[in-house]
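Participant: Sending over work.txt (compact mmCIF, C-alpha atoms).
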```txt
# COMPACT_ATOMS: atom_id res chain seq x y z
CA VAL A 288 -34.06 -10.64 4.61
CA ASP A 289 -37.58 -11.39 5.73
CA ALA A 290 -39.24 -14.77 5.01
CA ALA A 291 -40.79 -13.56 1.74
CA ALA A 292 -37.57 -11.78 0.70
CA ASN A 293 -39.43 -8.48 0.46
CA TYR A 294 -36.99 -6.65 2.74
CA ILE A 295 -33.21 -6.63 3.05
CA VAL A 296 -31.11 -5.20 5.84
CA GLN A 297 -27.97 -3.61 4.44
CA GLY A 298 -25.07 -2.38 6.54
CA SER A 299 -22.75 -3.45 9.30
CA LEU A 300 -23.58 -5.97 11.98
CA ILE A 301 -22.70 -4.41 15.33
CA ASP A 302 -22.25 -6.27 18.62
CA THR A 303 -24.17 -3.90 20.92
CA ARG A 304 -22.58 -5.27 24.08
CA THR A 305 -19.00 -4.57 22.97
CA ARG A 306 -19.82 -1.91 20.35
CA THR A 307 -17.73 -3.89 17.89
CA ASP A 308 -18.34 -3.73 14.15
CA LEU A 309 -18.41 -7.45 13.33
CA THR A 310 -18.74 -6.76 9.60
CA GLU A 311 -15.54 -4.70 9.60
CA GLN A 312 -13.70 -7.43 11.52
CA ARG A 313 -14.78 -10.05 8.99
CA ILE A 314 -13.86 -7.89 6.00
CA ASN A 315 -10.42 -7.33 7.55
CA GLN A 316 -9.98 -11.09 7.97
CA LEU A 317 -11.02 -11.78 4.38
CA SER A 318 -8.82 -9.06 2.88
CA ALA A 319 -5.71 -9.84 4.93
CA VAL A 320 -2.49 -10.37 2.98
CA ALA A 321 0.19 -12.80 4.15
CA PHE A 322 3.10 -10.36 4.37
CA LYS A 323 5.64 -13.19 4.33
CA ASP A 324 4.30 -14.24 0.91
CA LEU A 325 4.74 -10.83 -0.73
CA PRO A 326 7.45 -10.95 -3.43
CA LEU A 327 9.67 -8.28 -1.86
CA LYS A 328 12.16 -8.70 -4.72
CA ASP A 329 9.60 -6.90 -6.90
CA ALA A 330 9.61 -3.85 -4.63
CA PHE A 331 12.21 -1.33 -3.62
CA VAL A 332 12.71 -0.22 -0.04
CA ILE A 333 12.68 3.10 1.76
CA THR A 334 14.42 2.57 5.08
CA LYS A 335 13.80 4.96 7.95
CA GLY A 336 16.10 4.56 10.96
CA LYS A 337 16.91 0.92 11.71
CA GLY A 338 13.99 -0.21 9.57
CA THR A 339 12.97 -3.10 11.80
CA ARG A 340 9.23 -2.53 11.37
CA GLN A 341 7.79 -3.59 8.00
CA LEU A 342 5.19 -2.04 5.72
CA ALA A 343 4.34 -2.65 2.05
CA VAL A 344 2.63 -0.07 -0.13
CA PHE A 345 1.17 -0.48 -3.61
CA GLU A 346 1.50 2.85 -5.43
CA ASP A 347 0.99 4.53 -8.77
CA PRO A 348 3.54 7.27 -9.46
CA ASN A 349 0.76 9.59 -10.66
CA CYS A 350 -1.43 9.05 -7.59
CA GLY A 351 -1.93 12.29 -5.66
CA PHE A 352 -2.81 10.49 -2.44
CA CYS A 353 0.36 8.39 -2.80
CA LYS A 354 2.37 11.61 -2.98
CA ARG A 355 0.63 12.88 0.17
CA LEU A 356 1.37 9.55 1.85
CA HIS A 357 5.10 10.02 1.20
CA ARG A 358 4.95 13.26 3.19
CA GLU A 359 3.56 11.17 6.05
CA PHE A 360 6.29 8.55 5.61
CA ALA A 361 8.84 11.32 6.25
CA LYS A 362 7.44 11.56 9.80
CA LEU A 363 8.04 7.85 10.55
CA ASP A 364 11.09 6.21 12.07
CA ASN A 365 12.39 2.65 12.33
CA VAL A 366 10.44 1.29 9.39
CA SER A 367 11.21 -0.39 6.08
CA ILE A 368 8.64 0.63 3.49
CA HIS A 369 8.47 -1.76 0.55
CA ILE A 370 7.15 0.10 -2.50
CA PHE A 371 5.36 -2.03 -5.09
CA LEU A 372 4.88 0.02 -8.24
CA LEU A 373 1.32 -0.55 -9.44
CA PRO A 374 0.64 1.65 -12.47
CA VAL A 375 -3.14 1.73 -12.67
CA LEU A 376 -3.79 5.32 -13.76
CA GLY A 377 -2.79 5.01 -17.40
CA PRO A 378 0.07 4.65 -19.88
CA ASP A 379 2.07 7.52 -18.37
CA SER A 380 2.01 5.73 -15.01
CA LEU A 381 3.39 2.60 -16.64
CA GLU A 382 6.18 4.56 -18.33
CA LYS A 383 7.10 6.35 -15.08
CA SER A 384 7.03 3.07 -13.16
CA ARG A 385 9.32 1.37 -15.67
CA ASN A 386 11.75 4.32 -15.70
CA ALA A 387 11.82 4.49 -11.90
CA TRP A 388 12.35 0.73 -11.63
CA CYS A 389 15.25 0.90 -14.07
CA ALA A 390 16.91 3.93 -12.44
CA LYS A 391 20.37 3.36 -11.00
CA ASP A 392 19.10 4.54 -7.60
CA ARG A 393 15.39 3.60 -7.68
CA THR A 394 14.62 4.89 -4.24
CA ARG A 395 16.19 8.31 -4.72
CA VAL A 396 14.66 8.85 -8.18
CA TYR A 397 11.22 7.75 -7.04
CA LEU A 398 11.30 9.85 -3.87
CA ASP A 399 12.46 12.88 -5.87
CA TRP A 400 9.41 12.40 -8.08
CA MET A 401 6.94 11.76 -5.26
CA LEU A 402 8.16 14.56 -2.97
CA ASN A 403 9.54 17.18 -5.38
CA ASN A 404 7.99 16.39 -8.79
CA ALA A 405 11.52 15.98 -10.18
CA PRO A 406 11.23 14.29 -13.58
CA ILE A 407 12.00 10.58 -13.71
CA PRO A 408 14.81 10.13 -16.24
CA LYS A 409 14.30 7.62 -19.02
CA ALA A 410 15.94 4.30 -18.31
CA SER A 411 15.60 0.76 -19.56
CA CYS A 412 16.07 -2.65 -18.05
CA ASP A 413 14.06 -5.80 -17.38
CA THR A 414 10.69 -4.53 -16.12
CA ALA A 415 9.03 -7.90 -15.57
CA ALA A 416 8.67 -6.95 -11.89
CA ILE A 417 6.16 -4.26 -12.87
CA ASP A 418 4.11 -6.84 -14.79
CA ARG A 419 4.24 -9.17 -11.78
CA ASN A 420 3.09 -6.31 -9.52
CA ILE A 421 0.12 -5.67 -11.81
CA ALA A 422 -0.79 -9.36 -11.66
CA LEU A 423 -0.33 -9.38 -7.88
CA GLY A 424 -2.55 -6.32 -7.57
CA ARG A 425 -5.28 -8.14 -9.49
CA GLN A 426 -4.82 -11.29 -7.39
CA LEU A 427 -5.11 -9.29 -4.15
CA ALA A 428 -8.06 -7.27 -5.54
CA ILE A 429 -6.23 -3.98 -5.08
CA ARG A 430 -8.42 -1.59 -7.00
CA GLY A 431 -6.80 1.70 -6.07
CA THR A 432 -3.65 3.26 -4.76
CA PRO A 433 -2.24 3.69 -2.26
CA ALA A 434 -2.89 0.34 -0.61
CA LEU A 435 -0.92 -0.37 2.56
CA VAL A 436 -0.17 -3.84 3.89
CA PHE A 437 1.19 -4.25 7.41
CA ALA A 438 3.32 -7.14 8.66
CA ASN A 439 0.33 -8.68 10.46
CA GLY A 440 -1.51 -8.89 7.12
CA GLN A 441 -3.86 -5.99 7.74
CA ARG A 442 -4.63 -4.09 4.57
CA VAL A 443 -5.59 -0.44 4.57
CA PRO A 444 -6.82 1.12 1.32
CA GLY A 445 -6.11 4.77 0.69
CA TYR A 446 -4.27 7.58 2.37
CA ILE A 447 -3.88 7.62 6.15
CA PRO A 448 -1.88 10.06 8.30
CA ALA A 449 1.42 9.21 10.00
CA GLU A 450 -0.27 8.92 13.42
CA ARG A 451 -2.55 6.15 12.12
CA ILE A 452 0.37 4.40 10.40
CA GLU A 453 2.33 4.53 13.67
CA ALA A 454 -0.63 3.08 15.59
CA LEU A 455 -0.96 0.21 13.09
CA LEU A 456 2.80 -0.44 13.14
CA ALA A 457 2.66 -0.53 16.95
CA GLU A 458 -0.06 -3.23 16.77
CA THR A 459 2.07 -5.29 14.41
CA LYS A 460 4.81 -7.71 15.25
CA THR A 461 7.65 -7.84 12.76
CA PRO A 462 7.51 -11.05 10.68
```
Here is the file; what I need is its structure written in the form of structure tokens.
Facilitator:
Amino acid sequence: VDAAANYIVQGSLIDTRTRTDLTEQRINQLSAVAFKDLPLKDAFVITKGKGTRQLAVFEDPNCGFCKRLHREFAKLDNVSIHIFLLPVLGPDSLEKSRNAWCAKDRTRVYLDWMLNNAPIPKASCDTAAIDRNIALGRQLAIRGTPALVFANGQRVPGYIPAERIEALLAETKTP
């Protein structure tokens, strides 16, 4: 802003010497999520290989980009993917989330839906975890799905390909 507040500069602040986007770095710091504080009991896990690397994903079962992301997850190895159901796309999403959560084999039923569009059978149980996930999503200001959280706290909104996920997992130390 100039002295009279007639002009505003809008955009990223770039360090020209290092060609570093300082605005992006600061946003990443401010939006980081303490992975160790995530309530993993309110998620179910997809384990690939030994599953020593950790990743959390907030997903809506009706999210098309979430379904695409699961095709990318199939290309990963040695990772535990904690799925937090976050039904933000409407009442049908809430019903599917509750039915998937209550399924005898949550992971299989959910993956069948996400990868093959196999219907999620009706089921009932205590679905307070879904309500807690909705509250957690609000607390973390997650406004869309998918939202990925890596073990180092880095948060990535939206779909990214397996190669980018692998690169971010490689940068991350397991908690």
Participant: Please provide as number ranges by chain all residues within 7 Å of A:Arg442, with the sequence filter that same-chain residues fewer than 5 positions apart are discarded (counting all atoms listed in the file).
Facilitator: A: 318-320, 435-437
Participant: For a test of reading the model, state the distance in Å between atom CA of A:Leu423 and atom CA of A:Leu376, rounded to one decimal.
Facilitator: 16.2 Å
Participant: Report, in Å to a single decimal, how far apart atom CA of A:Leu327 and atom CA of A:His369 are.
Facilitator: 7.1 Å
Participant: Find the distance between atom CA of A:Thr459 and atom CA of A:Pro326 and write it in Å to one decimal.
Facilitator: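 Computing it gives 19.5 Å between the two atoms.
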Participant: Counting only C-alpha atoms, what is within 9 Å of A:Leu402, bar same-chain residues fewer than 6 positions away, as a list in words?
Facilitator: Lys354, Arg355, His357 and Arg358 of chain A
Participant: Might you pull out every residue within 12 Å of A:Asp324, with only C-alpha atoms counted and same-chain residues fewer than 6 positions away left off, and present them as an NGL selection string?
Facilitator: :A and (343 or 423 or 427 or 436 or 438-440 or 462)
Participant: Which residue out of A:Leu356, A:Ile429, A:Leu363, A:Leu309 has the minimum interatomic distance to A:Lys335 when only C-alpha atoms are used?
Facilitator: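 For A:Lys335, the nearest of the candidates is A:Leu363.
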Participant: Give me the residues near A:Cys412 as a ChimeraX atom specification, where near means some atom within 10 Å (using all atoms listed in the file) and where sequence neighbours in that chain fewer than 4 positions away do not count.
Facilitator: /A:385-386,388-390
Participant: Select, from A:Val296, A:Phe331, A:Leu372, A:Gly351, the residue with the minimum atom-to-atom distance to A:Arg419, counting all atoms listed in the file.
Facilitator: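 Using all atoms listed in the file, A:Arg419 sits closest to A:Leu372.
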Participant: Can you work out which one of A:Ile368, A:Asn403, A:Thr414, A:Thr303 has the shortest atom-to-atom distance to A:Ser384, counting all atoms listed in the file?
Facilitator: A:Thr414
Participant: Have a look at A:Glu359, A:Glu453, A:Glu382, A:Glu458 and name the one nearest to A:Ile417; count only C-alpha atoms.
Facilitator: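 Smallest separation from A:Ile417 among the options: A:Glu382.
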Participant: Taking into account all atoms listed in the file, which residue in the set A:Lys323, A:Lys337, A:Lys383, A:Lys328 is nearest to A:Ala416?
Facilitator: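 Result for the nearest residue to A:Ala416: A:Lys328.
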Participant: Looking at all atoms listed in the file, which of A:Asn365, A:Asn420, A:Tyr294, A:Arg395 is the one that sits closest to A:Val344?
Facilitator: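 Among A:Asn365, A:Asn420, A:Tyr294, A:Arg395, it is A:Asn420 that comes nearest to A:Val344.
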Participant: Residues within 9 Å of A:Ile452, please, as a JSON list (two decimals) with C-alpha atoms, in the frame of the given file. Count all atoms listed in the file; anything in the same chain fewer than 3 positions from it doesn't count.
Facilitator:
```json
[["chain", "number", "residue", "atom", "x", "y", "z"],
["A", 359, "GLU", "CA", 3.56, 11.17, 6.05],
["A", 360, "PHE", "CA", 6.29, 8.55, 5.61],
["A", 363, "LEU", "CA", 8.04, 7.85, 10.55],
["A", 447, "ILE", "CA", -3.88, 7.62, 6.15],
["A", 448, "PRO", "CA", -1.88, 10.06, 8.30],
["A", 449, "ALA", "CA", 1.42, 9.21, 10.00],
["A", 455, "LEU", "CA", -0.96, 0.21, 13.09],
["A", 456, "LEU", "CA", 2.80, -0.44, 13.14],
["A", 457, "ALA", "CA", 2.66, -0.53, 16.95]]
```
Participant: Around (-3.0, 3.9, 2.2) in the file's frame, which residues reach within 6 Å when counting all atoms listed in the file? Return as a list in words?
Facilitator: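 The residues that fall inside the cut-off are Pro433, Ala434, Leu435, Val443, Pro444, Gly445, Tyr446 and Ile447 of chain A.
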Participant: Mind dumping the selected residues with C-alpha atoms as an mmCIF file, keeping the file's coordinate frame?
Facilitator:
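Final output, saved to again.cif:
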```cif
data_model
loop_
_atom_site.group_PDB
_atom_site.id
_atom_site.type_symbol
_atom_site.label_atom_id
_atom_site.label_comp_id
_atom_site.auth_asym_id
_atom_site.auth_seq_id
_atom_site.Cartn_x
_atom_site.Cartn_y
_atom_site.Cartn_z
ATOM 1 C CA PRO A 433 -2.240 3.690 -2.260
ATOM 2 C CA ALA A 434 -2.890 0.340 -0.610
ATOM 3 C CA LEU A 435 -0.920 -0.370 2.560
ATOM 4 C CA VAL A 443 -5.590 -0.440 4.570
ATOM 5 C CA PRO A 444 -6.820 1.120 1.320
ATOM 6 C CA GLY A 445 -6.110 4.770 0.690
ATOM 7 C CA TYR A 446 -4.270 7.580 2.370
ATOM 8 C CA ILE A 447 -3.880 7.620 6.150
#
```
Participant: Return the padded bounding box of stretch 352-358 of chain A as JSON: axis-aligned, built from all atoms listed in the file, 6 Å added on each side, with centre and edge lengths in Å to one decimal.
Facilitator:
```
{"center_x": 1.1, "center_y": 10.8, "center_z": 0.1, "size_x": 19.9, "size_y": 16.9, "size_z": 18.2}
```
Participant: Complete stretch 426-439 of chain A at the level of N, CA and C atoms, written as a PDB file, in the frame of the given file.
Facilitator:
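File written: rebuild38.pdb
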```pdb
ATOM      1  N   GLN A 426      -4.608 -10.126  -8.261  1.00  0.00           N
ATOM      2  CA  GLN A 426      -4.820 -11.290  -7.390  1.00  0.00           C
ATOM      3  C   GLN A 426      -5.298 -10.862  -6.006  1.00  0.00           C
ATOM      4  N   LEU A 427      -4.743  -9.767  -5.492  1.00  0.00           N
ATOM      5  CA  LEU A 427      -5.110  -9.290  -4.150  1.00  0.00           C
ATOM      6  C   LEU A 427      -6.323  -8.355  -4.180  1.00  0.00           C
ATOM      7  N   ALA A 428      -6.889  -8.154  -5.368  1.00  0.00           N
ATOM      8  CA  ALA A 428      -8.060  -7.270  -5.540  1.00  0.00           C
ATOM      9  C   ALA A 428      -7.763  -5.857  -5.060  1.00  0.00           C
ATOM     10  N   ILE A 429      -6.571  -5.362  -5.377  1.00  0.00           N
ATOM     11  CA  ILE A 429      -6.230  -3.980  -5.080  1.00  0.00           C
ATOM     12  C   ILE A 429      -6.756  -3.149  -6.246  1.00  0.00           C
ATOM     13  N   ARG A 430      -7.723  -2.332  -5.951  1.00  0.00           N
ATOM     14  CA  ARG A 430      -8.420  -1.590  -7.000  1.00  0.00           C
ATOM     15  C   ARG A 430      -8.024  -0.118  -7.051  1.00  0.00           C
ATOM     16  N   GLY A 431      -7.221   0.309  -6.105  1.00  0.00           N
ATOM     17  CA  GLY A 431      -6.800   1.700  -6.070  1.00  0.00           C
ATOM     18  C   GLY A 431      -5.519   1.841  -5.285  1.00  0.00           C
ATOM     19  N   THR A 432      -4.887   2.985  -5.470  1.00  0.00           N
ATOM     20  CA  THR A 432      -3.650   3.260  -4.760  1.00  0.00           C
ATOM     21  C   THR A 432      -3.832   4.546  -3.959  1.00  0.00           C
ATOM     22  N   PRO A 433      -3.126   4.682  -2.853  1.00  0.00           N
ATOM     23  CA  PRO A 433      -2.240   3.690  -2.260  1.00  0.00           C
ATOM     24  C   PRO A 433      -3.014   2.580  -1.565  1.00  0.00           C
ATOM     25  N   ALA A 434      -2.361   1.457  -1.396  1.00  0.00           N
ATOM     26  CA  ALA A 434      -2.890   0.340  -0.610  1.00  0.00           C
ATOM     27  C   ALA A 434      -1.751  -0.122   0.292  1.00  0.00           C
ATOM     28  N   LEU A 435      -1.952  -0.023   1.591  1.00  0.00           N
ATOM     29  CA  LEU A 435      -0.920  -0.370   2.560  1.00  0.00           C
ATOM     30  C   LEU A 435      -1.168  -1.768   3.105  1.00  0.00           C
ATOM     31  N   VAL A 436      -0.087  -2.511   3.304  1.00  0.00           N
ATOM     32  CA  VAL A 436      -0.170  -3.840   3.890  1.00  0.00           C
ATOM     33  C   VAL A 436       0.831  -3.880   5.037  1.00  0.00           C
ATOM     34  N   PHE A 437       0.342  -4.183   6.225  1.00  0.00           N
ATOM     35  CA  PHE A 437       1.190  -4.250   7.410  1.00  0.00           C
ATOM     36  C   PHE A 437       1.661  -5.678   7.641  1.00  0.00           C
ATOM     37  N   ALA A 438       2.695  -5.837   8.449  1.00  0.00           N
ATOM     38  CA  ALA A 438       3.320  -7.140   8.660  1.00  0.00           C
ATOM     39  C   ALA A 438       2.361  -8.169   9.234  1.00  0.00           C
ATOM     40  N   ASN A 439       1.308  -7.729   9.919  1.00  0.00           N
ATOM     41  CA  ASN A 439       0.330  -8.680  10.460  1.00  0.00           C
ATOM     42  C   ASN A 439      -0.729  -9.051   9.431  1.00  0.00           C
TER      43      ASN A 439
END
```
